[in-house]
file entry06.pdb (PDB, C-alpha atoms and all ligand atoms)
MODEL        1
ATOM      1  CA  MET A   1     -35.352 -45.758 -63.961
ATOM      2  CA  PRO A   2     -38.597 -43.759 -63.961
ATOM      3  CA  LEU A   3     -38.123 -40.260 -62.542
ATOM      4  CA  VAL A   4     -38.526 -40.287 -58.768
ATOM      5  CA  SER A   5     -39.709 -37.596 -56.388
ATOM      6  CA  ALA A   6     -36.950 -35.498 -54.850
ATOM      7  CA  LYS A   7     -38.222 -36.602 -51.429
ATOM      8  CA  ILE A   8     -36.949 -40.144 -52.048
ATOM      9  CA  ILE A   9     -33.501 -38.800 -52.942
ATOM     10  CA  LEU A  10     -33.340 -36.254 -50.111
ATOM     11  CA  ASP A  11     -34.629 -38.501 -47.331
ATOM     12  CA  ASP A  12     -31.643 -40.768 -47.936
ATOM     13  CA  ALA A  13     -29.292 -37.764 -47.970
ATOM     14  CA  ASN A  14     -30.819 -36.549 -44.689
ATOM     15  CA  LYS A  15     -30.499 -39.952 -43.065
ATOM     16  CA  ASN A  16     -26.884 -40.351 -44.136
ATOM     17  CA  GLY A  17     -25.579 -36.788 -43.790
ATOM     18  CA  TYR A  18     -24.757 -35.781 -47.355
ATOM     19  CA  ALA A  19     -26.238 -33.399 -49.939
ATOM     20  CA  VAL A  20     -27.435 -33.785 -53.520
ATOM     21  CA  GLY A  21     -26.954 -31.101 -56.158
ATOM     22  CA  ALA A  22     -30.001 -29.538 -57.768
ATOM     23  CA  PHE A  23     -28.601 -28.398 -61.106
ATOM     24  CA  ASN A  24     -30.497 -25.803 -63.157
ATOM     25  CA  VAL A  25     -30.894 -26.517 -66.842
ATOM     26  CA  ASN A  26     -32.387 -24.723 -69.839
ATOM     27  CA  ASN A  27     -31.224 -26.831 -72.760
ATOM     28  CA  MET A  28     -29.942 -30.178 -73.972
ATOM     29  CA  GLU A  29     -26.225 -29.626 -73.393
ATOM     30  CA  PHE A  30     -26.565 -28.850 -69.679
ATOM     31  CA  LEU A  31     -28.918 -31.788 -69.177
ATOM     32  CA  GLN A  32     -26.516 -34.164 -70.870
ATOM     33  CA  ALA A  33     -23.722 -32.764 -68.718
ATOM     34  CA  VAL A  34     -25.651 -33.399 -65.484
ATOM     35  CA  PHE A  35     -26.477 -37.005 -66.419
ATOM     36  CA  SER A  36     -22.920 -37.745 -67.631
ATOM     37  CA  ALA A  37     -21.431 -36.344 -64.430
ATOM     38  CA  ALA A  38     -23.891 -38.389 -62.340
ATOM     39  CA  SER A  39     -22.972 -41.513 -64.267
ATOM     40  CA  PHE A  40     -19.215 -40.973 -63.752
ATOM     41  CA  GLU A  41     -19.663 -40.147 -60.079
ATOM     42  CA  LYS A  42     -22.446 -42.646 -59.314
ATOM     43  CA  SER A  43     -24.512 -39.864 -57.829
ATOM     44  CA  PRO A  44     -28.260 -39.235 -57.575
ATOM     45  CA  ILE A  45     -29.385 -35.948 -59.167
ATOM     46  CA  ILE A  46     -32.091 -33.331 -59.042
ATOM     47  CA  ILE A  47     -32.707 -31.492 -62.301
ATOM     48  CA  ALA A  48     -34.059 -28.014 -61.574
ATOM     49  CA  ALA A  49     -36.043 -25.915 -64.044
ATOM     50  CA  SER A  50     -37.056 -22.340 -63.217
ATOM     51  CA  GLU A  51     -40.135 -20.676 -64.673
ATOM     52  CA  GLY A  52     -37.666 -18.923 -66.969
ATOM     53  CA  ALA A  53     -36.286 -22.297 -68.116
ATOM     54  CA  ILE A  54     -39.805 -23.580 -68.722
ATOM     55  CA  LYS A  55     -40.607 -20.494 -70.754
ATOM     56  CA  TYR A  56     -37.366 -20.816 -72.741
ATOM     57  CA  ALA A  57     -37.509 -24.532 -73.536
ATOM     58  CA  GLY A  58     -41.149 -25.489 -72.942
ATOM     59  CA  PRO A  59     -42.330 -27.758 -70.107
ATOM     60  CA  GLU A  60     -42.899 -30.838 -72.277
ATOM     61  CA  MET A  61     -39.586 -30.394 -74.064
ATOM     62  CA  LEU A  62     -37.738 -30.280 -70.748
ATOM     63  CA  HIS A  63     -39.635 -33.255 -69.390
ATOM     64  CA  SER A  64     -39.134 -35.387 -72.484
ATOM     65  CA  MET A  65     -35.391 -34.683 -72.610
ATOM     66  CA  VAL A  66     -35.069 -35.594 -68.938
ATOM     67  CA  LYS A  67     -37.168 -38.718 -69.451
ATOM     68  CA  THR A  68     -35.059 -39.800 -72.424
ATOM     69  CA  LEU A  69     -31.828 -39.338 -70.474
ATOM     70  CA  SER A  70     -33.225 -41.061 -67.423
ATOM     71  CA  ASP A  71     -34.186 -44.046 -69.612
ATOM     72  CA  SER A  72     -30.640 -44.219 -70.970
ATOM     73  CA  TYR A  73     -29.130 -44.069 -67.471
ATOM     74  CA  PRO A  74     -31.491 -46.418 -65.607
ATOM     75  CA  GLU A  75     -29.151 -46.703 -62.632
ATOM     76  CA  ILE A  76     -29.328 -42.980 -61.741
ATOM     77  CA  PRO A  77     -32.080 -41.847 -59.358
ATOM     78  CA  ALA A  78     -33.228 -38.548 -60.887
ATOM     79  CA  ALA A  79     -35.960 -36.047 -60.036
ATOM     80  CA  LEU A  80     -37.290 -33.235 -62.221
ATOM     81  CA  HIS A  81     -38.001 -30.259 -59.970
ATOM     82  CA  LEU A  82     -39.715 -26.898 -60.556
ATOM     83  CA  ASP A  83     -37.441 -24.230 -59.049
ATOM     84  CA  HIS A  84     -39.041 -21.111 -57.459
ATOM     85  CA  GLY A  85     -42.589 -21.718 -58.702
ATOM     86  CA  SER A  86     -44.195 -18.362 -57.989
ATOM     87  CA  ASN A  87     -47.850 -19.457 -57.966
ATOM     88  CA  LEU A  88     -50.153 -22.455 -58.279
ATOM     89  CA  ASN A  89     -50.445 -22.061 -62.045
ATOM     90  CA  ALA A  90     -46.712 -22.582 -62.406
ATOM     91  CA  VAL A  91     -46.990 -25.658 -60.166
ATOM     92  CA  MET A  92     -49.880 -26.993 -62.262
ATOM     93  CA  THR A  93     -47.934 -26.511 -65.511
ATOM     94  CA  ALA A  94     -45.021 -28.504 -64.091
ATOM     95  CA  VAL A  95     -47.261 -31.238 -62.705
ATOM     96  CA  LYS A  96     -49.066 -31.608 -66.042
ATOM     97  CA  ALA A  97     -45.752 -31.916 -67.870
ATOM     98  CA  GLY A  98     -44.581 -34.768 -65.609
ATOM     99  CA  PHE A  99     -42.307 -33.015 -63.095
ATOM    100  CA  THR A 100     -41.790 -35.149 -59.976
ATOM    101  CA  SER A 101     -41.066 -32.334 -57.524
ATOM    102  CA  VAL A 102     -41.905 -28.646 -57.136
ATOM    103  CA  MET A 103     -40.871 -25.619 -55.147
ATOM    104  CA  ILE A 104     -43.626 -23.171 -54.293
ATOM    105  CA  ASP A 105     -41.948 -19.894 -53.432
ATOM    106  CA  ALA A 106     -44.299 -17.544 -51.612
ATOM    107  CA  SER A 107     -41.627 -16.413 -49.155
ATOM    108  CA  HIS A 108     -42.026 -12.743 -50.112
ATOM    109  CA  PHE A 109     -45.591 -12.801 -48.730
ATOM    110  CA  PRO A 110     -46.378 -12.469 -45.019
ATOM    111  CA  TYR A 111     -46.065 -15.751 -43.085
ATOM    112  CA  GLU A 112     -49.785 -16.681 -43.100
ATOM    113  CA  GLU A 113     -50.108 -16.072 -46.831
ATOM    114  CA  ASN A 114     -46.948 -18.106 -47.545
ATOM    115  CA  LEU A 115     -48.367 -20.945 -45.436
ATOM    116  CA  LYS A 116     -51.759 -20.807 -47.169
ATOM    117  CA  ILE A 117     -50.307 -20.965 -50.699
ATOM    118  CA  THR A 118     -47.820 -23.660 -49.682
ATOM    119  CA  LYS A 119     -50.614 -25.819 -48.227
ATOM    120  CA  GLN A 120     -52.504 -25.548 -51.512
ATOM    121  CA  ALA A 121     -49.432 -26.738 -53.403
ATOM    122  CA  VAL A 122     -49.064 -29.665 -50.992
ATOM    123  CA  SER A 123     -52.716 -30.719 -51.474
ATOM    124  CA  LEU A 124     -52.235 -30.584 -55.223
ATOM    125  CA  CYS A 125     -48.938 -32.497 -55.323
ATOM    126  CA  HIS A 126     -48.908 -35.066 -52.527
ATOM    127  CA  PRO A 127     -51.784 -37.217 -53.833
ATOM    128  CA  LEU A 128     -49.721 -37.563 -57.047
ATOM    129  CA  GLY A 129     -46.516 -38.544 -55.230
ATOM    130  CA  ILE A 130     -44.866 -35.220 -56.125
ATOM    131  CA  SER A 131     -42.651 -33.663 -53.453
ATOM    132  CA  VAL A 132     -42.924 -30.034 -52.332
ATOM    133  CA  GLU A 133     -40.286 -27.511 -51.241
ATOM    134  CA  ALA A 134     -41.084 -24.101 -49.745
ATOM    135  CA  GLU A 135     -38.975 -21.149 -48.577
ATOM    136  CA  LEU A 136     -38.848 -19.005 -45.447
ATOM    137  CA  GLY A 137     -37.038 -15.694 -45.331
ATOM    138  CA  ARG A 138     -35.450 -13.719 -48.139
ATOM    139  CA  LEU A 139     -32.482 -14.737 -50.244
ATOM    140  CA  GLN A 140     -29.988 -11.970 -49.757
ATOM    141  CA  GLY A 141     -26.606 -11.456 -48.234
ATOM    142  CA  VAL A 142     -26.503  -9.985 -44.742
ATOM    143  CA  GLU A 143     -23.474  -7.918 -43.798
ATOM    144  CA  GLU A 144     -21.796  -8.779 -40.551
ATOM    145  CA  HIS A 145     -22.355  -5.427 -38.861
ATOM    146  CA  VAL A 146     -26.147  -5.263 -39.377
ATOM    147  CA  SER A 147     -28.374  -5.262 -36.294
ATOM    148  CA  VAL A 148     -30.168  -8.307 -34.927
ATOM    149  CA  ALA A 149     -33.494  -6.754 -35.930
ATOM    150  CA  GLU A 150     -32.325  -6.383 -39.519
ATOM    151  CA  ARG A 151     -31.066  -9.967 -39.647
ATOM    152  CA  ASP A 152     -34.386 -11.171 -38.224
ATOM    153  CA  ALA A 153     -36.275  -9.309 -40.931
ATOM    154  CA  VAL A 154     -34.435 -11.116 -43.715
ATOM    155  CA  LEU A 155     -33.330 -14.515 -42.445
ATOM    156  CA  VAL A 156     -35.418 -17.531 -41.420
ATOM    157  CA  ASN A 157     -37.042 -17.558 -37.979
ATOM    158  CA  PRO A 158     -36.450 -21.068 -36.553
ATOM    159  CA  ASP A 159     -39.655 -21.110 -34.470
ATOM    160  CA  GLU A 160     -41.666 -20.112 -37.504
ATOM    161  CA  ALA A 161     -39.914 -22.860 -39.457
ATOM    162  CA  LYS A 162     -41.042 -25.450 -36.916
ATOM    163  CA  ASP A 163     -44.668 -24.331 -37.141
ATOM    164  CA  PHE A 164     -44.513 -23.949 -40.929
ATOM    165  CA  VAL A 165     -43.194 -27.465 -41.537
ATOM    166  CA  ALA A 166     -45.712 -29.052 -39.140
ATOM    167  CA  SER A 167     -48.695 -27.090 -40.529
ATOM    168  CA  SER A 168     -47.886 -27.320 -44.246
ATOM    169  CA  GLY A 169     -46.664 -30.913 -44.576
ATOM    170  CA  ILE A 170     -43.848 -29.901 -46.984
ATOM    171  CA  ASP A 171     -41.096 -32.401 -47.728
ATOM    172  CA  PHE A 172     -38.097 -30.051 -47.581
ATOM    173  CA  LEU A 173     -37.503 -26.446 -46.634
ATOM    174  CA  ALA A 174     -35.266 -23.671 -47.935
ATOM    175  CA  PRO A 175     -34.347 -21.478 -44.937
ATOM    176  CA  ALA A 176     -32.749 -18.132 -45.801
ATOM    177  CA  ILE A 177     -29.385 -18.076 -43.957
ATOM    178  CA  GLY A 178     -27.494 -15.386 -45.859
ATOM    179  CA  THR A 179     -26.919 -16.645 -49.408
ATOM    180  CA  SER A 180     -28.173 -15.047 -52.614
ATOM    181  CA  HIS A 181     -28.471 -16.046 -56.264
ATOM    182  CA  GLY A 182     -25.825 -15.138 -58.829
ATOM    183  CA  ALA A 183     -22.076 -14.585 -58.970
ATOM    184  CA  PHE A 184     -21.808 -11.740 -56.429
ATOM    185  CA  LYS A 185     -22.846 -13.133 -53.057
ATOM    186  CA  PHE A 186     -20.506 -11.555 -50.519
ATOM    187  CA  LYS A 187     -18.512  -8.342 -50.320
ATOM    188  CA  GLY A 188     -16.021  -9.708 -47.794
ATOM    189  CA  GLU A 189     -15.777 -13.143 -46.262
ATOM    190  CA  ALA A 190     -18.517 -15.686 -47.054
ATOM    191  CA  LYS A 191     -20.512 -15.907 -43.830
ATOM    192  CA  LEU A 192     -23.671 -17.926 -43.360
ATOM    193  CA  ASP A 193     -25.840 -17.995 -40.257
ATOM    194  CA  PHE A 194     -25.082 -21.525 -39.081
ATOM    195  CA  GLU A 195     -26.669 -20.970 -35.653
ATOM    196  CA  ARG A 196     -30.015 -20.406 -37.345
ATOM    197  CA  LEU A 197     -29.459 -23.378 -39.647
ATOM    198  CA  LYS A 198     -28.722 -25.686 -36.693
ATOM    199  CA  LYS A 199     -31.872 -24.538 -34.896
ATOM    200  CA  VAL A 200     -34.047 -25.029 -37.979
ATOM    201  CA  LYS A 201     -32.696 -28.562 -38.376
ATOM    202  CA  GLU A 202     -33.205 -29.369 -34.694
ATOM    203  CA  LEU A 203     -36.786 -28.094 -34.768
ATOM    204  CA  THR A 204     -37.893 -29.610 -38.093
ATOM    205  CA  GLY A 205     -35.707 -32.646 -38.812
ATOM    206  CA  ILE A 206     -36.566 -32.566 -42.542
ATOM    207  CA  PRO A 207     -34.122 -32.165 -45.462
ATOM    208  CA  LEU A 208     -32.997 -28.529 -45.854
ATOM    209  CA  VAL A 209     -32.099 -26.675 -49.044
ATOM    210  CA  LEU A 210     -29.347 -24.147 -49.696
ATOM    211  CA  HIS A 211     -30.269 -21.723 -52.462
ATOM    212  CA  GLY A 212     -27.640 -19.460 -53.953
ATOM    213  CA  ALA A 213     -25.073 -22.159 -53.241
ATOM    214  CA  SER A 214     -22.762 -21.776 -56.235
ATOM    215  CA  SER A 215     -19.081 -21.549 -55.402
ATOM    216  CA  VAL A 216     -17.935 -19.471 -58.407
ATOM    217  CA  PRO A 217     -14.915 -21.765 -58.871
ATOM    218  CA  GLU A 218     -11.640 -19.999 -59.472
ATOM    219  CA  ALA A 219     -10.465 -21.895 -62.555
ATOM    220  CA  ALA A 220     -13.697 -21.272 -64.470
ATOM    221  CA  SER A 221     -13.918 -17.610 -63.430
ATOM    222  CA  LYS A 222     -10.300 -17.064 -64.447
ATOM    223  CA  LYS A 223     -10.933 -18.622 -67.833
ATOM    224  CA  PHE A 224     -14.055 -16.461 -68.225
ATOM    225  CA  GLU A 225     -11.989 -13.332 -67.616
ATOM    226  CA  GLU A 226      -8.932 -14.494 -69.559
ATOM    227  CA  PHE A 227     -11.063 -14.681 -72.704
ATOM    228  CA  GLY A 228     -12.641 -11.253 -72.444
ATOM    229  CA  GLY A 229     -15.331 -11.664 -69.786
ATOM    230  CA  ASP A 230     -15.760  -9.508 -66.694
ATOM    231  CA  LEU A 231     -16.560 -11.032 -63.300
ATOM    232  CA  LYS A 232     -14.866  -8.434 -61.125
ATOM    233  CA  GLY A 233     -15.834  -8.862 -57.474
ATOM    234  CA  ALA A 234     -17.554 -12.224 -58.014
ATOM    235  CA  LYS A 235     -17.642 -14.421 -54.912
ATOM    236  CA  GLY A 236     -19.477 -17.644 -54.183
ATOM    237  CA  VAL A 237     -19.845 -20.069 -51.279
ATOM    238  CA  PRO A 238     -16.416 -21.728 -50.844
ATOM    239  CA  PHE A 239     -16.273 -25.535 -50.704
ATOM    240  CA  ASP A 240     -15.353 -25.649 -47.008
ATOM    241  CA  VAL A 241     -18.340 -23.445 -46.118
ATOM    242  CA  LEU A 242     -20.602 -25.714 -48.185
ATOM    243  CA  LYS A 243     -19.270 -28.744 -46.331
ATOM    244  CA  GLU A 244     -20.005 -27.093 -43.022
ATOM    245  CA  ALA A 245     -23.549 -26.254 -44.126
ATOM    246  CA  ILE A 246     -24.041 -29.913 -45.038
ATOM    247  CA  LYS A 247     -22.746 -30.955 -41.625
ATOM    248  CA  PHE A 248     -25.432 -28.744 -40.035
ATOM    249  CA  GLY A 249     -28.315 -30.168 -42.063
ATOM    250  CA  ILE A 250     -28.295 -28.980 -45.696
ATOM    251  CA  ASN A 251     -29.229 -31.848 -48.055
ATOM    252  CA  LYS A 252     -30.013 -30.074 -51.359
ATOM    253  CA  VAL A 253     -27.510 -27.662 -52.867
ATOM    254  CA  ASN A 254     -28.891 -25.451 -55.653
ATOM    255  CA  THR A 255     -26.407 -24.743 -58.404
ATOM    256  CA  ASP A 256     -26.971 -22.627 -61.465
ATOM    257  CA  THR A 257     -24.332 -19.885 -61.603
ATOM    258  CA  ASP A 258     -21.346 -22.288 -61.587
ATOM    259  CA  LEU A 259     -22.710 -24.078 -64.645
ATOM    260  CA  ARG A 260     -23.412 -20.812 -66.459
ATOM    261  CA  ILE A 261     -19.915 -19.460 -65.776
ATOM    262  CA  SER A 262     -18.096 -22.647 -66.732
ATOM    263  CA  PHE A 263     -20.072 -23.238 -69.935
ATOM    264  CA  LEU A 264     -19.614 -19.671 -71.126
ATOM    265  CA  ALA A 265     -15.955 -19.524 -70.069
ATOM    266  CA  ARG A 266     -15.287 -22.471 -72.358
ATOM    267  CA  VAL A 267     -17.422 -20.979 -75.150
ATOM    268  CA  ARG A 268     -15.382 -17.777 -74.872
ATOM    269  CA  GLU A 269     -12.149 -19.757 -75.068
ATOM    270  CA  SER A 270     -13.186 -21.649 -78.217
ATOM    271  CA  ILE A 271     -14.429 -18.550 -79.963
ATOM    272  CA  ALA A 272     -11.285 -16.601 -79.090
ATOM    273  CA  LYS A 273      -8.964 -19.379 -80.242
ATOM    274  CA  ASP A 274     -10.700 -20.310 -83.481
ATOM    275  CA  LYS A 275     -12.140 -17.200 -85.039
ATOM    276  CA  SER A 276     -13.306 -18.874 -88.235
ATOM    277  CA  GLN A 277     -15.220 -21.693 -86.564
ATOM    278  CA  ILE A 278     -18.827 -21.766 -87.746
ATOM    279  CA  ASP A 279     -19.883 -25.179 -86.406
ATOM    280  CA  PRO A 280     -21.738 -24.622 -83.081
ATOM    281  CA  ARG A 281     -21.035 -28.229 -82.076
ATOM    282  CA  LYS A 282     -17.317 -27.427 -82.015
ATOM    283  CA  ILE A 283     -18.084 -24.638 -79.545
ATOM    284  CA  PHE A 284     -20.804 -26.256 -77.412
ATOM    285  CA  GLY A 285     -19.225 -29.746 -77.243
ATOM    286  CA  PRO A 286     -16.092 -28.722 -75.312
ATOM    287  CA  ALA A 287     -18.204 -26.368 -73.158
ATOM    288  CA  ARG A 288     -20.468 -29.284 -72.246
ATOM    289  CA  ASP A 289     -17.387 -31.358 -71.323
ATOM    290  CA  TYR A 290     -16.136 -28.560 -69.107
ATOM    291  CA  VAL A 291     -19.498 -28.356 -67.302
ATOM    292  CA  ILE A 292     -19.266 -32.121 -66.651
ATOM    293  CA  GLU A 293     -15.956 -31.588 -64.819
ATOM    294  CA  VAL A 294     -17.369 -28.732 -62.727
ATOM    295  CA  ILE A 295     -20.424 -30.815 -61.737
ATOM    296  CA  ARG A 296     -18.287 -33.860 -60.894
ATOM    297  CA  GLU A 297     -16.083 -31.823 -58.585
ATOM    298  CA  ARG A 298     -19.202 -30.489 -56.884
ATOM    299  CA  MET A 299     -20.698 -33.956 -56.399
ATOM    300  CA  ARG A 300     -17.533 -34.987 -54.602
ATOM    301  CA  VAL A 301     -17.708 -31.924 -52.342
ATOM    302  CA  LEU A 302     -21.397 -32.561 -51.539
ATOM    303  CA  GLY A 303     -20.749 -36.217 -50.723
ATOM    304  CA  SER A 304     -23.300 -37.514 -53.267
ATOM    305  CA  SER A 305     -20.555 -39.285 -55.269
ATOM    306  CA  GLY A 306     -20.684 -43.039 -54.846
ATOM    307  CA  LYS A 307     -24.147 -43.048 -53.307
ATOM    308  CA  ILE A 308     -25.660 -45.321 -56.003
TER     309      ILE A 308
HETATM  310  O1  LIG A 401     -32.685 -21.609 -57.263
HETATM  311  N1  LIG A 401     -31.492 -21.362 -57.821
HETATM  312  C1  LIG A 401     -31.414 -21.230 -59.299
HETATM  313  C2  LIG A 401     -32.065 -19.966 -59.749
HETATM  314  C3  LIG A 401     -32.342 -20.048 -61.242
HETATM  315  C4  LIG A 401     -32.840 -18.754 -61.808
HETATM  316  O2  LIG A 401     -33.253 -19.023 -63.112
HETATM  317  P1  LIG A 401     -33.877 -17.861 -64.022
HETATM  318  O3  LIG A 401     -32.746 -16.983 -64.460
HETATM  319  O4  LIG A 401     -34.512 -18.629 -65.153
HETATM  320  O5  LIG A 401     -34.918 -17.136 -63.168
HETATM  321  C5  LIG A 401     -30.399 -21.233 -57.008
HETATM  322  O6  LIG A 401     -30.536 -21.198 -55.785
HETATM  323  C6  LIG A 401     -29.029 -21.156 -57.670
HETATM  324  O7  LIG A 401     -28.099 -20.398 -56.948
HETATM  325  P2  LIG A 401     -26.703 -19.914 -57.643
HETATM  326  O8  LIG A 401     -25.778 -19.694 -56.490
HETATM  327  O9  LIG A 401     -26.237 -20.998 -58.536
HETATM  328  O10 LIG A 401     -26.998 -18.635 -58.373
HETATM  329 CA    CA A 402     -38.277 -16.433 -52.321
HETATM  330 ZN    ZN A 403     -32.913 -20.408 -55.643
ENDMDL
END
call {"tool": "encode", "arguments": {"input": "entry06.pdb", "output": "structure tokens"}}
result
Amino acid sequence: MPLVSAKIILDDANKNGYAVGAFNVNNMEFLQAVFSAASFEKSPIIIAASEGAIKYAGPEMLHSMVKTLSDSYPEIPAALHLDHGSNLNAVMTAVKAGFTSVMIDASHFPYEENLKITKQAVSLCHPLGISVEAELGRLQGVEEHVSVAERDAVLVNPDEAKDFVASSGIDFLAPAIGTSHGAFKFKGEAKLDFERLKKVKELTGIPLVLHGASSVPEAASKKFEEFGGDLKGAKGVPFDVLKEAIKFGINKVNTDTDLRISFLARVRESIAKDKSQIDPRKIFGPARDYVIEVIRERMRVLGSSGKI
């Protein structure tokens, strides 16, 4: 199947109350893992590439690998999405390379500036059938005891979200509701601001995106530590919290950290157990298989399994 825009994938998820994983990739092994998992689970997929990934692998290299895989799995609806594009140049680079979806992330600017840059990305992408995601608020954890004013300064403002979506014409929105990137998301219990999420959904109706959504699964983290790694204090978004977020309107679940941890946990295991191994395929192959299992489990949690 030719690559599709993420809007096509997410509109169906929004209509039917499930979420699709956006899996970050930087190289061939992770890409193969995402497509294999999707094939086993019969799930649509969004392949996410950050500016860092594009710098590491090259935009055309990423696009041609995704295209090749998508041609070999014609039954899987797949989008290639720029993650956290920080300016219009980054968007242009992705568009030129054949990406079918972009995120323009100007959420650190004041509201009007964010809106202005986002509108420019929409005018660039929509005529080409490329979908656009934008972000409101800042991605960071918010402790339970902080004041309302402090929460308001960091998290999405639902009224602003309503205006932003109507004025910009974006296809899906990432509202900050208390998650953050990486393996250390919460000091205590994982708490997201579901009241805000519900309001944003009510007022916009479009597909919503959860960034920083990795769960830091226990088995992979344990393996990582068992073979010499250190993830002390790591905590992700537990599966039941993810499911609740999906119930309240999340349709795209960004996942990078879980893939990083699981791949490297398995690399650590192989290296520790076979100290004379010099064939990288013997190290990366099993790690790729392990990532497939972690992605499959996630697809089942998100409800995207069986949707094709
Ligand atoms: O948007 N993302 C992925 C962020 C990728 C960052 O890549 P670089 O290191 O190249 O900048 C997420 O929301 C993922 O959240 P997670 O919980 O998996 O960290
Ligand atoms: Ca941002
Ligand atoms: Zn993100």
call {"tool": "resolve_selection", "arguments": {"input": "entry06.pdb", "expression": "the PyMOL selection byres (((chain A and resi 258) around 9) and not hetatm)", "output": "mmCIF file with C-alpha atoms, in the coordinates of the input"}}
result
data_model
loop_
_atom_site.group_PDB
_atom_site.id
_atom_site.type_symbol
_atom_site.label_atom_id
_atom_site.label_comp_id
_atom_site.auth_asym_id
_atom_site.auth_seq_id
_atom_site.Cartn_x
_atom_site.Cartn_y
_atom_site.Cartn_z
ATOM 1 C CA GLY A 182 -25.825 -15.138 -58.829
ATOM 2 C CA ALA A 183 -22.076 -14.585 -58.970
ATOM 3 C CA SER A 214 -22.762 -21.776 -56.235
ATOM 4 C CA SER A 215 -19.081 -21.549 -55.402
ATOM 5 C CA VAL A 216 -17.935 -19.471 -58.407
ATOM 6 C CA PRO A 217 -14.915 -21.765 -58.871
ATOM 7 C CA ALA A 220 -13.697 -21.272 -64.470
ATOM 8 C CA SER A 221 -13.918 -17.610 -63.430
ATOM 9 C CA GLY A 236 -19.477 -17.644 -54.183
ATOM 10 C CA THR A 255 -26.407 -24.743 -58.404
ATOM 11 C CA ASP A 256 -26.971 -22.627 -61.465
ATOM 12 C CA THR A 257 -24.332 -19.885 -61.603
ATOM 13 C CA LEU A 259 -22.710 -24.078 -64.645
ATOM 14 C CA ARG A 260 -23.412 -20.812 -66.459
ATOM 15 C CA ILE A 261 -19.915 -19.460 -65.776
ATOM 16 C CA SER A 262 -18.096 -22.647 -66.732
ATOM 17 C CA PHE A 263 -20.072 -23.238 -69.935
ATOM 18 C CA VAL A 291 -19.498 -28.356 -67.302
ATOM 19 C CA VAL A 294 -17.369 -28.732 -62.727
ATOM 20 C CA ILE A 295 -20.424 -30.815 -61.737
#
call {"tool": "residues_near_ligand", "arguments": {"input": "entry06.pdb", "ligand": "ligand CA 402 (chain A)", "cutoff": "10 Å", "atoms": "all atoms listed in the file", "output": "JSON, numbers by chain"}}
result
{"A": [84, 85, 86, 103, 104, 105, 106, 107, 108, 109, 134, 135, 136, 137, 138, 139, 140, 174, 175, 176, 211]}
call {"tool": "resolve_selection", "arguments": {"input": "entry06.pdb", "expression": "the PyMOL selection byres (((chain A and resi 177) around 6) and not hetatm)", "output": "VMD selection string"}}
result
chain A and resid 155 176 178 192 to 193
call {"tool": "closest_residue", "arguments": {"input": "entry06.pdb", "among": "A:Ile8, A:Val156, A:Ala53, A:Leu302", "to": "ligand LIG 401 (chain A)", "atoms": "all atoms listed in the file"}}
result
A:Ala53
call {"tool": "closest_residue", "arguments": {"input": "entry06.pdb", "among": "A:Leu173, A:Leu197, A:Leu69, A:Ile117", "to": "ligand ZN 403 (chain A)", "atoms": "all atoms listed in the file"}}
result
A:Leu173
call {"tool": "atom_distance", "arguments": {"input": "entry06.pdb", "atom1": "atom CA of A:Ser276", "atom2": "atom CA of A:Glu225"}}
result
21.4 Å
call {"tool": "atom_distance", "arguments": {"input": "entry06.pdb", "atom1": "atom CA of A:Met61", "atom2": "atom CA of A:Ala287"}}
result
21.8 Å
call {"tool": "atom_distance", "arguments": {"input": "entry06.pdb", "atom1": "atom CA of A:Lys55", "atom2": "atom C5 of ligand LIG 401 (chain A)"}}
result
17.1 Å
call {"tool": "axis_aligned_box", "arguments": {"input": "entry06.pdb", "around": "ligand LIG 401 (chain A)", "padding_each_side": "5 Å", "output": "lines of an AutoDock Vina configuration file"}}
result
center_x = -30.3
center_y = -19.3
center_z = -60.5
size_x = 19.1
size_y = 14.6
size_z = 19.4
call {"tool": "resolve_selection", "arguments": {"input": "entry06.pdb", "expression": "the PyMOL selection byres (((chain A and resi 292) around 9) and not hetatm)", "output": "compact mmCIF listing (two decimals) with C-alpha atoms, in the coordinates of the input"}}
result
# COMPACT_ATOMS: atom_id res chain seq x y z
CA PHE A 30 -26.56 -28.85 -69.68
CA GLN A 32 -26.52 -34.16 -70.87
CA ALA A 33 -23.72 -32.76 -68.72
CA VAL A 34 -25.65 -33.40 -65.48
CA PHE A 35 -26.48 -37.01 -66.42
CA SER A 36 -22.92 -37.74 -67.63
CA ALA A 37 -21.43 -36.34 -64.43
CA ALA A 38 -23.89 -38.39 -62.34
CA LEU A 259 -22.71 -24.08 -64.64
CA ALA A 287 -18.20 -26.37 -73.16
CA ARG A 288 -20.47 -29.28 -72.25
CA ASP A 289 -17.39 -31.36 -71.32
CA TYR A 290 -16.14 -28.56 -69.11
CA VAL A 291 -19.50 -28.36 -67.30
CA GLU A 293 -15.96 -31.59 -64.82
CA VAL A 294 -17.37 -28.73 -62.73
CA ILE A 295 -20.42 -30.82 -61.74
CA ARG A 296 -18.29 -33.86 -60.89
CA GLU A 297 -16.08 -31.82 -58.58
call {"tool": "residues_around", "arguments": {"input": "entry06.pdb", "residues": "A:Gly229", "least_positions_apart": "4", "cutoff": "8 Å", "atoms": "all atoms listed in the file", "output": "list in words"}}
result
Phe224, Glu225, Ala265 and Arg268 of chain A
call {"tool": "residues_around", "arguments": {"input": "entry06.pdb", "residues": "A:Leu242", "least_positions_apart": "5", "cutoff": "12 Å", "atoms": "all atoms listed in the file", "output": "NGL selection string"}}
result
:A and (18-21 or 179 or 190-192 or 194 or 209-215 or 236-237 or 247-255 or 298-303)
call {"tool": "closest_residue", "arguments": {"input": "entry06.pdb", "among": "A:Ile278, A:Ile54, A:Ala219, A:Leu88", "to": "A:Arg266", "atoms": "all atoms listed in the file"}}
result
A:Ala219
